[in-house]
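Written out below as structure tokens is the structure these notes cover.
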Amino acid sequence: MLLFFILGLLVHFVFFASIFDIYFTSPLVHGMTPQFTSLPPPARRLVLFVADGLRADSLYELDENGDSRAPFIRNIIMHEGSWGISHTRVPTESRPGHVALIAGFYEDVSAVAKGWKENPVEFDSLLNESKYTWGWGSPDILSMFAKDVSGDHVFIHTYDADDEDFGAHDVTKLDTWVFDNVKEFFRAARNNQSLFSKLNEEKIVFFLHLLGIDTNGHAHRPSSREYKDNIKIVDAGIKEIVSMFKHFYGNDGKTAFVFTADHGMTDWGVHGAGHPSETLTPFVTWGAGIKYPQNVSTQQFEDAFLKEWKLENWKRQDINQGILPLDYLNNTDLFKAESIFTNAIQILEQFKVKMTQKKEVTLSFLFTPFKLLSESKQHNILRKARSYIKQRKYDEAISLCKELIHLALKGLSYYHTYDRFFLGITVVLGFVGWTSYASLLILKFHSNLPRGGSKEVKKPSRLLQYSFVAIGVLVAFFLLIQAYPWTYYIYCLLPVPIWYAVLREFQVIQDLVASLLSCPPSHFVGYLLVSTLGIEVLVLSFFYRYMLTAGLIAFAGWPFITQLWTRAKRTSLNWIFFSLLLAVFPLMPVVGRKPDISLVMTAGLLVLLLSLFVVASLTKRKDSFVNEELPLHLLQMLSMVLSMYVVYSTDNSLLKKQGLPLINQIISWIILASSFVLPLLSPPILFERLFSILLSLMSTYILLSRGYEALFPLVLSCLMFAWIHMEQETLQQSGVSCKQKVNSIQFIYNTDLTQLRQLCLDDIRRAFFLVFFLVTAFFGTGNIASVNSFDVTSVYCFLTVFSPFIMGALMMWKILIPFVLVMCAFEAVQLTTQLSSKGLFLMVLVISDIMALHFFFLVRDYGSWLDIGTSISHYVIVMSMTMVLVFLNGLAQLLTTKKLTLCGKPKSHLI
């Protein structure tokens, strides 16, 4: 069975990885011939200001006094340049945002595996194509554009990574450092003839990366005074820099300025997903070659931003990456037509290379070209566009070029996704086969499915084996002659052995069919409808969190349906109360939007009160408790008190902008480390071990909490305790004798197989309950409803200096703590109900896989970026959950069964 779980883990890893080959492959094309216009550019140099994390509304809106936070930029909009909104894409992170701005394409998600620091694929950029580039700012951003650049022409100046401290007294120094160093650089250039001559060359780029706004947004949120004041500082700094440039170059009118942002930020101070506050960023440009402000009476946008910002009379021009925004250019019609013509040829060249690459690796009779842009149509459009330019019909030429760009981009998308349907079919075949095989194993080894007793179990025929070998060889040969990547072999060949394993269980399939035919149709339809409804509720809960509330309310009615209410009223009341109490959490706002330390303190006090009650109860029931186990409980209670102190003290220190106290940081890491060890010192008696696990994990969770979510694991654990008692009562009601009470059962590593029973229909409900509680652990507080629900402020008790991997690991552990609590309770349920952990775990995997297959069909690559990102993240979440379940199951077994002792031999205690 161990081999089966290892194979299952590998199979699910393949299914998980397939989404990256299908939807997340790099869009870059190499091998094009460079295309340039022969007309001279209007600007000799570009100055690019990128205010990291700046929202469009935060820049453009007026404050409560009717004044602009950025008076210089607003003056540019009204008197010197053009403006609009730049629409960014998911994921709204700094690296992909800057790649889109500077390299002109949307980077694939594979860069996240390198922490957004390394280049997963080679790409060209504005900086690399410049004669010289100088950049100032964050080492995370500037380094990626300077790495592997050919020639000595990109020069970067960065501050130390430790300066990116969310708890620093004044993070605006990240921006003032940039402005001060730029000014010092130009002062030094006047006394350095070599540098001075370089600065007067053409094709020069100056890149100023401004991180202060993003850091203040994470630390204090965009509505804070710090965030808004930082905008004022950036505006004043830009004004000085622009004045310095004009003075240095003698007002030659050959400098173009661009001010924009890589992404925005939500109201609760995070980014990464597709919320408009993250994807709408400002874009203001002025100087050489840029249009002056245009007064208009009407605009083409239907949103209410223009009136809110009092900018309805100045023409707004929104942009996306990749296509030349002609409306921003202040030049002759000939220049615009030639520029868009060159842009069209560049994109068409990418289309041709992409088509050629796909055609070369596809059998001729299987290749289907993009019909909307045939070779004759390409020549036609280019010939007409060139003719229109010669005839000075510039508007017609521009229109044709835009049409060609549109078709070429559509064709690029067509060839980029050419294999998507093919890969999707193979993955679905593997999915269905694996789920079928797991279901057959459950029926074969863990159920009372009626067997054809008189019939001998036949070995699979040689014909079946040879048939699947032949199929595998044909598939491999087909992939080989088309030169597909090695990953395609895995996706396409994996279904072959899986379906062979399914068909080998022909006897089980036959017995299942016979059993279903003997079942009354009304019962079969009823089971099918209930199962479908349960799966759909789980799926819908990913889109609508209130479905979890509906499910928990339905759970509260369970005792009345099964008549447990009359048998065990006290246990049923506990179940009903905590089900309804937990049902409140999915109705609350997503974690991080409104921090409230008082709620964190309340959660800590409730845990301490519960601990006192448990200690008093155990003191009465166990004579040896005071001498042997009381010190451990007191140590865990002390850990909880220290966690509360650290949270309160750290919050006050950060509010005073005094940073994270070192002693608080040390205590936090000690509590985190001890939370893995202290539960193992408690006796393995079911109730005592589970309570010890709760105490230790709650100490860590308190340190990682900023609001009401601190109460969530406590309420969830109380419901889990009620669930354990309810399941034992249910088992007794069904006629299965339970030898021990819950309070006297011990967790044991090696279960006596003779005490285990076969699975029944009621165990499907138990498996469904587990999956439902796991989904509730995910979405109960909105922790992972979307990428931007991760609140970086939750790790401030551990560190405040930006470190994506450590911060990400801490936030992920916070997400996993409710999971661990549920899985430990599930271990207890399996023990009290005398169930095979393997059989029940298989049922859980089958339910999860059915959900994953559901989400696989819901993945979208069209519509809003929010819809696209959400659909893909849902699939990734479910597949991750399926794989993480194996890890969590092992961790739960370790936490519940392992016993450590500080000296002497561990003792067992029975009540």
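Residue names in the structure tokens use chain letters A, B, ... in the order shown, residue numbers from 1 in each chain, and ligand numbers from 1 in the order shown.
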Mind the document's chain letters and residue numbers, and return as an MDAnalysis selection string the residues of stretch 305-485 of chain A that DSSP labels alpha helix (DSSP H). chainID A and resid 305:309 333:360 375:390 394:416 420:446 462:481
Give the strand (DSSP E or B) residues of stretch 194-401 of chain A, as DSSP finds them on the backbone, and put them as a ChimeraX atom specification. /A:204-210,255-260,280-287,290,295,314,316,319,329
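Proximity to A:Phe206 was assessed for A:Phe259, A:Tyr500, A:Phe855, A:Phe826 counting only C-alpha atoms; the smallest distance is recorded for A:Phe259.
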Which residues are close to A:Arg766, i.e. within 9 Å by only C-alpha atoms, leaving aside same-chain residues fewer than 5 positions away? Reply as a list in words. Glu727, Val771, Val829 and Leu840 of chain A
Near A:Pro369, counting only C-alpha atoms, which residues have an atom at most 12 Å away, once you skip same-chain residues fewer than 3 positions from it, shown as a PDB file with all heavy atoms, in the first residue's frame?
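Saved file part.pdb follows:
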```
ATOM      1  N   PHE A 351       4.837  36.128 -35.119  1.00  0.00           N
ATOM      2  CA  PHE A 351       3.798  35.196 -35.584  1.00  0.00           C
ATOM      3  C   PHE A 351       4.391  34.177 -36.561  1.00  0.00           C
ATOM      4  O   PHE A 351       4.125  32.968 -36.471  1.00  0.00           O
ATOM      5  CB  PHE A 351       2.671  35.992 -36.244  1.00  0.00           C
ATOM      6  CG  PHE A 351       1.709  35.146 -37.034  1.00  0.00           C
ATOM      7  CD1 PHE A 351       0.702  34.434 -36.410  1.00  0.00           C
ATOM      8  CD2 PHE A 351       1.821  35.053 -38.416  1.00  0.00           C
ATOM      9  CE1 PHE A 351      -0.180  33.651 -37.139  1.00  0.00           C
ATOM     10  CE2 PHE A 351       0.951  34.282 -39.160  1.00  0.00           C
ATOM     11  CZ  PHE A 351      -0.057  33.575 -38.513  1.00  0.00           C
ATOM     12  N   LYS A 352       5.223  34.650 -37.484  1.00  0.00           N
ATOM     13  CA  LYS A 352       5.809  33.754 -38.487  1.00  0.00           C
ATOM     14  C   LYS A 352       6.733  32.724 -37.835  1.00  0.00           C
ATOM     15  O   LYS A 352       6.699  31.535 -38.185  1.00  0.00           O
ATOM     16  CB  LYS A 352       6.597  34.571 -39.515  1.00  0.00           C
ATOM     17  CG  LYS A 352       5.739  35.390 -40.457  1.00  0.00           C
ATOM     18  CD  LYS A 352       6.639  36.190 -41.413  1.00  0.00           C
ATOM     19  CE  LYS A 352       5.828  36.996 -42.407  1.00  0.00           C
ATOM     20  NZ  LYS A 352       6.700  37.783 -43.312  1.00  0.00           N
ATOM     21  N   LYS A 354       6.647  31.683 -34.733  1.00  0.00           N
ATOM     22  CA  LYS A 354       5.838  30.761 -33.938  1.00  0.00           C
ATOM     23  C   LYS A 354       5.161  29.725 -34.836  1.00  0.00           C
ATOM     24  O   LYS A 354       5.116  28.530 -34.506  1.00  0.00           O
ATOM     25  CB  LYS A 354       4.781  31.549 -33.153  1.00  0.00           C
ATOM     26  CG  LYS A 354       4.131  30.770 -32.028  1.00  0.00           C
ATOM     27  CD  LYS A 354       5.038  30.673 -30.823  1.00  0.00           C
ATOM     28  CE  LYS A 354       4.349  30.093 -29.627  1.00  0.00           C
ATOM     29  NZ  LYS A 354       5.225  29.966 -28.466  1.00  0.00           N
ATOM     30  N   MET A 355       4.646  30.176 -35.975  1.00  0.00           N
ATOM     31  CA  MET A 355       3.984  29.266 -36.908  1.00  0.00           C
ATOM     32  C   MET A 355       4.985  28.260 -37.476  1.00  0.00           C
ATOM     33  O   MET A 355       4.686  27.060 -37.571  1.00  0.00           O
ATOM     34  CB  MET A 355       3.340  30.057 -38.046  1.00  0.00           C
ATOM     35  CG  MET A 355       2.607  29.175 -39.068  1.00  0.00           C
ATOM     36  SD  MET A 355       1.912  30.117 -40.431  1.00  0.00           S
ATOM     37  CE  MET A 355       3.413  30.640 -41.264  1.00  0.00           C
ATOM     38  N   THR A 356       6.164  28.731 -37.840  1.00  0.00           N
ATOM     39  CA  THR A 356       7.184  27.850 -38.406  1.00  0.00           C
ATOM     40  C   THR A 356       7.612  26.794 -37.387  1.00  0.00           C
ATOM     41  O   THR A 356       7.773  25.613 -37.725  1.00  0.00           O
ATOM     42  CB  THR A 356       8.406  28.670 -38.861  1.00  0.00           C
ATOM     43  OG1 THR A 356       7.982  29.648 -39.814  1.00  0.00           O
ATOM     44  CG2 THR A 356       9.464  27.781 -39.477  1.00  0.00           C
ATOM     45  N   LYS A 358       5.900  25.561 -34.922  1.00  0.00           N
ATOM     46  CA  LYS A 358       4.835  24.584 -34.730  1.00  0.00           C
ATOM     47  C   LYS A 358       4.681  23.682 -35.947  1.00  0.00           C
ATOM     48  O   LYS A 358       4.439  22.474 -35.812  1.00  0.00           O
ATOM     49  CB  LYS A 358       3.518  25.317 -34.423  1.00  0.00           C
ATOM     50  CG  LYS A 358       2.341  24.411 -34.107  1.00  0.00           C
ATOM     51  CD  LYS A 358       2.647  23.413 -32.990  1.00  0.00           C
ATOM     52  CE  LYS A 358       3.053  24.066 -31.708  1.00  0.00           C
ATOM     53  NZ  LYS A 358       3.386  23.063 -30.669  1.00  0.00           N
ATOM     54  N   LYS A 359       4.854  24.249 -37.124  1.00  0.00           N
ATOM     55  CA  LYS A 359       4.695  23.469 -38.360  1.00  0.00           C
ATOM     56  C   LYS A 359       5.793  22.429 -38.491  1.00  0.00           C
ATOM     57  O   LYS A 359       5.559  21.308 -38.974  1.00  0.00           O
ATOM     58  CB  LYS A 359       4.708  24.420 -39.562  1.00  0.00           C
ATOM     59  CG  LYS A 359       4.253  23.793 -40.857  1.00  0.00           C
ATOM     60  CD  LYS A 359       4.126  24.845 -41.951  1.00  0.00           C
ATOM     61  CE  LYS A 359       3.589  24.229 -43.240  1.00  0.00           C
ATOM     62  NZ  LYS A 359       3.418  25.255 -44.302  1.00  0.00           N
ATOM     63  N   THR A 362       5.009  19.242 -36.396  1.00  0.00           N
ATOM     64  CA  THR A 362       3.677  18.640 -36.532  1.00  0.00           C
ATOM     65  C   THR A 362       3.574  17.948 -37.876  1.00  0.00           C
ATOM     66  O   THR A 362       4.014  18.488 -38.901  1.00  0.00           O
ATOM     67  CB  THR A 362       2.571  19.729 -36.418  1.00  0.00           C
ATOM     68  OG1 THR A 362       2.762  20.462 -35.220  1.00  0.00           O
ATOM     69  CG2 THR A 362       1.198  19.088 -36.414  1.00  0.00           C
ATOM     70  N   SER A 364       2.302  16.889 -41.327  1.00  0.00           N
ATOM     71  CA  SER A 364       1.649  17.785 -42.284  1.00  0.00           C
ATOM     72  C   SER A 364       0.137  17.574 -42.349  1.00  0.00           C
ATOM     73  O   SER A 364      -0.622  18.539 -42.430  1.00  0.00           O
ATOM     74  CB  SER A 364       2.250  17.588 -43.685  1.00  0.00           C
ATOM     75  OG  SER A 364       2.140  16.232 -44.080  1.00  0.00           O
ATOM     76  N   PHE A 365      -0.305  16.326 -42.261  1.00  0.00           N
ATOM     77  CA  PHE A 365      -1.747  16.080 -42.376  1.00  0.00           C
ATOM     78  C   PHE A 365      -2.486  16.424 -41.074  1.00  0.00           C
ATOM     79  O   PHE A 365      -3.715  16.491 -41.049  1.00  0.00           O
ATOM     80  CB  PHE A 365      -2.015  14.616 -42.767  1.00  0.00           C
ATOM     81  CG  PHE A 365      -1.630  13.619 -41.716  1.00  0.00           C
ATOM     82  CD1 PHE A 365      -2.540  13.198 -40.754  1.00  0.00           C
ATOM     83  CD2 PHE A 365      -0.345  13.092 -41.688  1.00  0.00           C
ATOM     84  CE1 PHE A 365      -2.180  12.271 -39.795  1.00  0.00           C
ATOM     85  CE2 PHE A 365       0.026  12.155 -40.729  1.00  0.00           C
ATOM     86  CZ  PHE A 365      -0.887  11.746 -39.771  1.00  0.00           C
ATOM     87  N   LEU A 366      -1.738  16.688 -39.996  1.00  0.00           N
ATOM     88  CA  LEU A 366      -2.360  17.084 -38.733  1.00  0.00           C
ATOM     89  C   LEU A 366      -2.265  18.589 -38.479  1.00  0.00           C
ATOM     90  O   LEU A 366      -2.930  19.109 -37.588  1.00  0.00           O
ATOM     91  CB  LEU A 366      -1.700  16.348 -37.564  1.00  0.00           C
ATOM     92  CG  LEU A 366      -1.938  14.837 -37.480  1.00  0.00           C
ATOM     93  CD1 LEU A 366      -1.141  14.239 -36.324  1.00  0.00           C
ATOM     94  CD2 LEU A 366      -3.425  14.530 -37.313  1.00  0.00           C
ATOM     95  N   LEU A 372      -7.138  32.960 -40.347  1.00  0.00           N
ATOM     96  CA  LEU A 372      -7.454  34.388 -40.458  1.00  0.00           C
ATOM     97  C   LEU A 372      -6.286  35.221 -40.963  1.00  0.00           C
ATOM     98  O   LEU A 372      -6.465  36.376 -41.347  1.00  0.00           O
ATOM     99  CB  LEU A 372      -7.916  34.929 -39.099  1.00  0.00           C
ATOM    100  CG  LEU A 372      -9.216  34.350 -38.544  1.00  0.00           C
ATOM    101  CD1 LEU A 372      -9.543  34.964 -37.194  1.00  0.00           C
ATOM    102  CD2 LEU A 372     -10.372  34.591 -39.520  1.00  0.00           C
ATOM    103  N   LEU A 373      -5.078  34.630 -40.955  1.00  0.00           N
ATOM    104  CA  LEU A 373      -3.910  35.388 -41.391  1.00  0.00           C
ATOM    105  C   LEU A 373      -3.025  34.489 -42.270  1.00  0.00           C
ATOM    106  O   LEU A 373      -1.942  34.071 -41.879  1.00  0.00           O
ATOM    107  CB  LEU A 373      -3.121  35.911 -40.182  1.00  0.00           C
ATOM    108  CG  LEU A 373      -2.044  36.961 -40.473  1.00  0.00           C
ATOM    109  CD1 LEU A 373      -2.632  38.164 -41.183  1.00  0.00           C
ATOM    110  CD2 LEU A 373      -1.359  37.384 -39.179  1.00  0.00           C
ATOM    111  N   SER A 374      -3.519  34.236 -43.459  1.00  0.00           N
ATOM    112  CA  SER A 374      -2.749  33.435 -44.415  1.00  0.00           C
ATOM    113  C   SER A 374      -1.586  34.263 -44.949  1.00  0.00           C
ATOM    114  O   SER A 374      -1.518  35.489 -44.778  1.00  0.00           O
ATOM    115  CB  SER A 374      -3.642  32.989 -45.572  1.00  0.00           C
ATOM    116  OG  SER A 374      -4.136  34.126 -46.264  1.00  0.00           O
ATOM    117  N   GLU A 375      -0.669  33.597 -45.639  1.00  0.00           N
ATOM    118  CA  GLU A 375       0.505  34.282 -46.177  1.00  0.00           C
ATOM    119  C   GLU A 375       0.098  35.341 -47.194  1.00  0.00           C
ATOM    120  O   GLU A 375       0.673  36.437 -47.234  1.00  0.00           O
ATOM    121  CB  GLU A 375       1.449  33.257 -46.818  1.00  0.00           C
ATOM    122  CG  GLU A 375       2.819  33.831 -47.114  1.00  0.00           C
ATOM    123  CD  GLU A 375       3.821  32.763 -47.495  1.00  0.00           C
ATOM    124  OE1 GLU A 375       3.544  31.572 -47.250  1.00  0.00           O
ATOM    125  OE2 GLU A 375       4.863  33.126 -48.046  1.00  0.00           O
ATOM    126  N   GLY A 411      -3.131  35.234 -33.837  1.00  0.00           N
ATOM    127  CA  GLY A 411      -2.431  34.072 -34.373  1.00  0.00           C
ATOM    128  C   GLY A 411      -1.360  33.560 -33.427  1.00  0.00           C
ATOM    129  O   GLY A 411      -1.167  32.350 -33.273  1.00  0.00           O
ATOM    130  N   LEU A 412      -0.654  34.486 -32.771  1.00  0.00           N
ATOM    131  CA  LEU A 412       0.350  34.086 -31.779  1.00  0.00           C
ATOM    132  C   LEU A 412      -0.300  33.289 -30.656  1.00  0.00           C
ATOM    133  O   LEU A 412       0.229  32.257 -30.219  1.00  0.00           O
ATOM    134  CB  LEU A 412       1.030  35.336 -31.205  1.00  0.00           C
ATOM    135  CG  LEU A 412       2.281  35.840 -31.917  1.00  0.00           C
ATOM    136  CD1 LEU A 412       2.690  37.191 -31.351  1.00  0.00           C
ATOM    137  CD2 LEU A 412       3.426  34.847 -31.774  1.00  0.00           C
ATOM    138  N   TYR A 414      -3.053  31.616 -30.924  1.00  0.00           N
ATOM    139  CA  TYR A 414      -3.514  30.352 -31.523  1.00  0.00           C
ATOM    140  C   TYR A 414      -2.397  29.311 -31.511  1.00  0.00           C
ATOM    141  O   TYR A 414      -2.600  28.165 -31.079  1.00  0.00           O
ATOM    142  CB  TYR A 414      -3.990  30.613 -32.949  1.00  0.00           C
ATOM    143  CG  TYR A 414      -4.307  29.360 -33.742  1.00  0.00           C
ATOM    144  CD1 TYR A 414      -5.524  28.699 -33.580  1.00  0.00           C
ATOM    145  CD2 TYR A 414      -3.383  28.842 -34.656  1.00  0.00           C
ATOM    146  CE1 TYR A 414      -5.810  27.550 -34.308  1.00  0.00           C
ATOM    147  CE2 TYR A 414      -3.656  27.702 -35.392  1.00  0.00           C
ATOM    148  CZ  TYR A 414      -4.872  27.055 -35.211  1.00  0.00           C
ATOM    149  OH  TYR A 414      -5.156  25.923 -35.930  1.00  0.00           O
ATOM    150  N   TYR A 415      -1.213  29.688 -31.969  1.00  0.00           N
ATOM    151  CA  TYR A 415      -0.104  28.725 -32.017  1.00  0.00           C
ATOM    152  C   TYR A 415       0.472  28.465 -30.627  1.00  0.00           C
ATOM    153  O   TYR A 415       0.986  27.378 -30.353  1.00  0.00           O
ATOM    154  CB  TYR A 415       0.984  29.224 -32.971  1.00  0.00           C
ATOM    155  CG  TYR A 415       0.584  29.128 -34.413  1.00  0.00           C
ATOM    156  CD1 TYR A 415       0.463  30.262 -35.209  1.00  0.00           C
ATOM    157  CD2 TYR A 415       0.294  27.890 -34.989  1.00  0.00           C
ATOM    158  CE1 TYR A 415       0.080  30.176 -36.543  1.00  0.00           C
ATOM    159  CE2 TYR A 415      -0.103  27.784 -36.316  1.00  0.00           C
ATOM    160  CZ  TYR A 415      -0.204  28.932 -37.091  1.00  0.00           C
ATOM    161  OH  TYR A 415      -0.595  28.825 -38.408  1.00  0.00           O
ATOM    162  N   TYR A 418      -1.755  25.871 -29.256  1.00  0.00           N
ATOM    163  CA  TYR A 418      -2.083  24.878 -30.287  1.00  0.00           C
ATOM    164  C   TYR A 418      -2.287  23.489 -29.695  1.00  0.00           C
ATOM    165  O   TYR A 418      -3.186  22.744 -30.103  1.00  0.00           O
ATOM    166  CB  TYR A 418      -0.957  24.839 -31.332  1.00  0.00           C
ATOM    167  CG  TYR A 418      -1.278  24.061 -32.578  1.00  0.00           C
ATOM    168  CD1 TYR A 418      -1.965  24.657 -33.637  1.00  0.00           C
ATOM    169  CD2 TYR A 418      -0.898  22.729 -32.694  1.00  0.00           C
ATOM    170  CE1 TYR A 418      -2.263  23.939 -34.786  1.00  0.00           C
ATOM    171  CE2 TYR A 418      -1.185  22.008 -33.854  1.00  0.00           C
ATOM    172  CZ  TYR A 418      -1.877  22.619 -34.892  1.00  0.00           C
ATOM    173  OH  TYR A 418      -2.180  21.914 -36.032  1.00  0.00           O
TER     174      TYR A 418
END
```
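Once A:Ser94 and its same-chain neighbours fewer than 2 positions away are set aside, Pro96, Gly97 and Asp262 of chain A remain within 6 Å of it when counting only C-alpha atoms.
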Contacts of A:Pro485 at 12 Å or less, counting only C-alpha atoms, minus same-chain residues fewer than 5 places along, as number ranges by chain? A: 21, 361, 419, 423, 476, 479-480, 490-492
Output C-alpha atoms for every residue in that selection, as a CSV table (one decimal), in the first residue's frame.
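Output file selection_3.csv is given in full below:
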```csv
chain,number,residue,atom,x,y,z
A,21,ASP,CA,2.6,23.3,-19.6
A,361,VAL,CA,7.2,19.6,-35.3
A,419,ASP,CA,-1.5,21.8,-28.2
A,423,LEU,CA,-2.8,18.0,-23.6
A,476,ALA,CA,5.7,7.3,-27.9
A,479,LEU,CA,5.4,12.1,-29.9
A,480,LEU,CA,8.9,11.3,-31.1
A,490,ILE,CA,4.7,11.8,-19.3
A,491,TYR,CA,1.3,13.3,-19.8
A,492,CYS,CA,0.5,11.1,-22.8
```
Can you tell me which residues surround A:Thr882 at a distance of at most 8 Å, considering only C-alpha atoms, apart from same-chain residues fewer than 5 positions away, and format the answer as a ChimeraX atom specification? /A:12,845,848-849
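Between atom CA of A:Ile553 and atom CA of A:Leu835 lies a distance of 26.7 Å.
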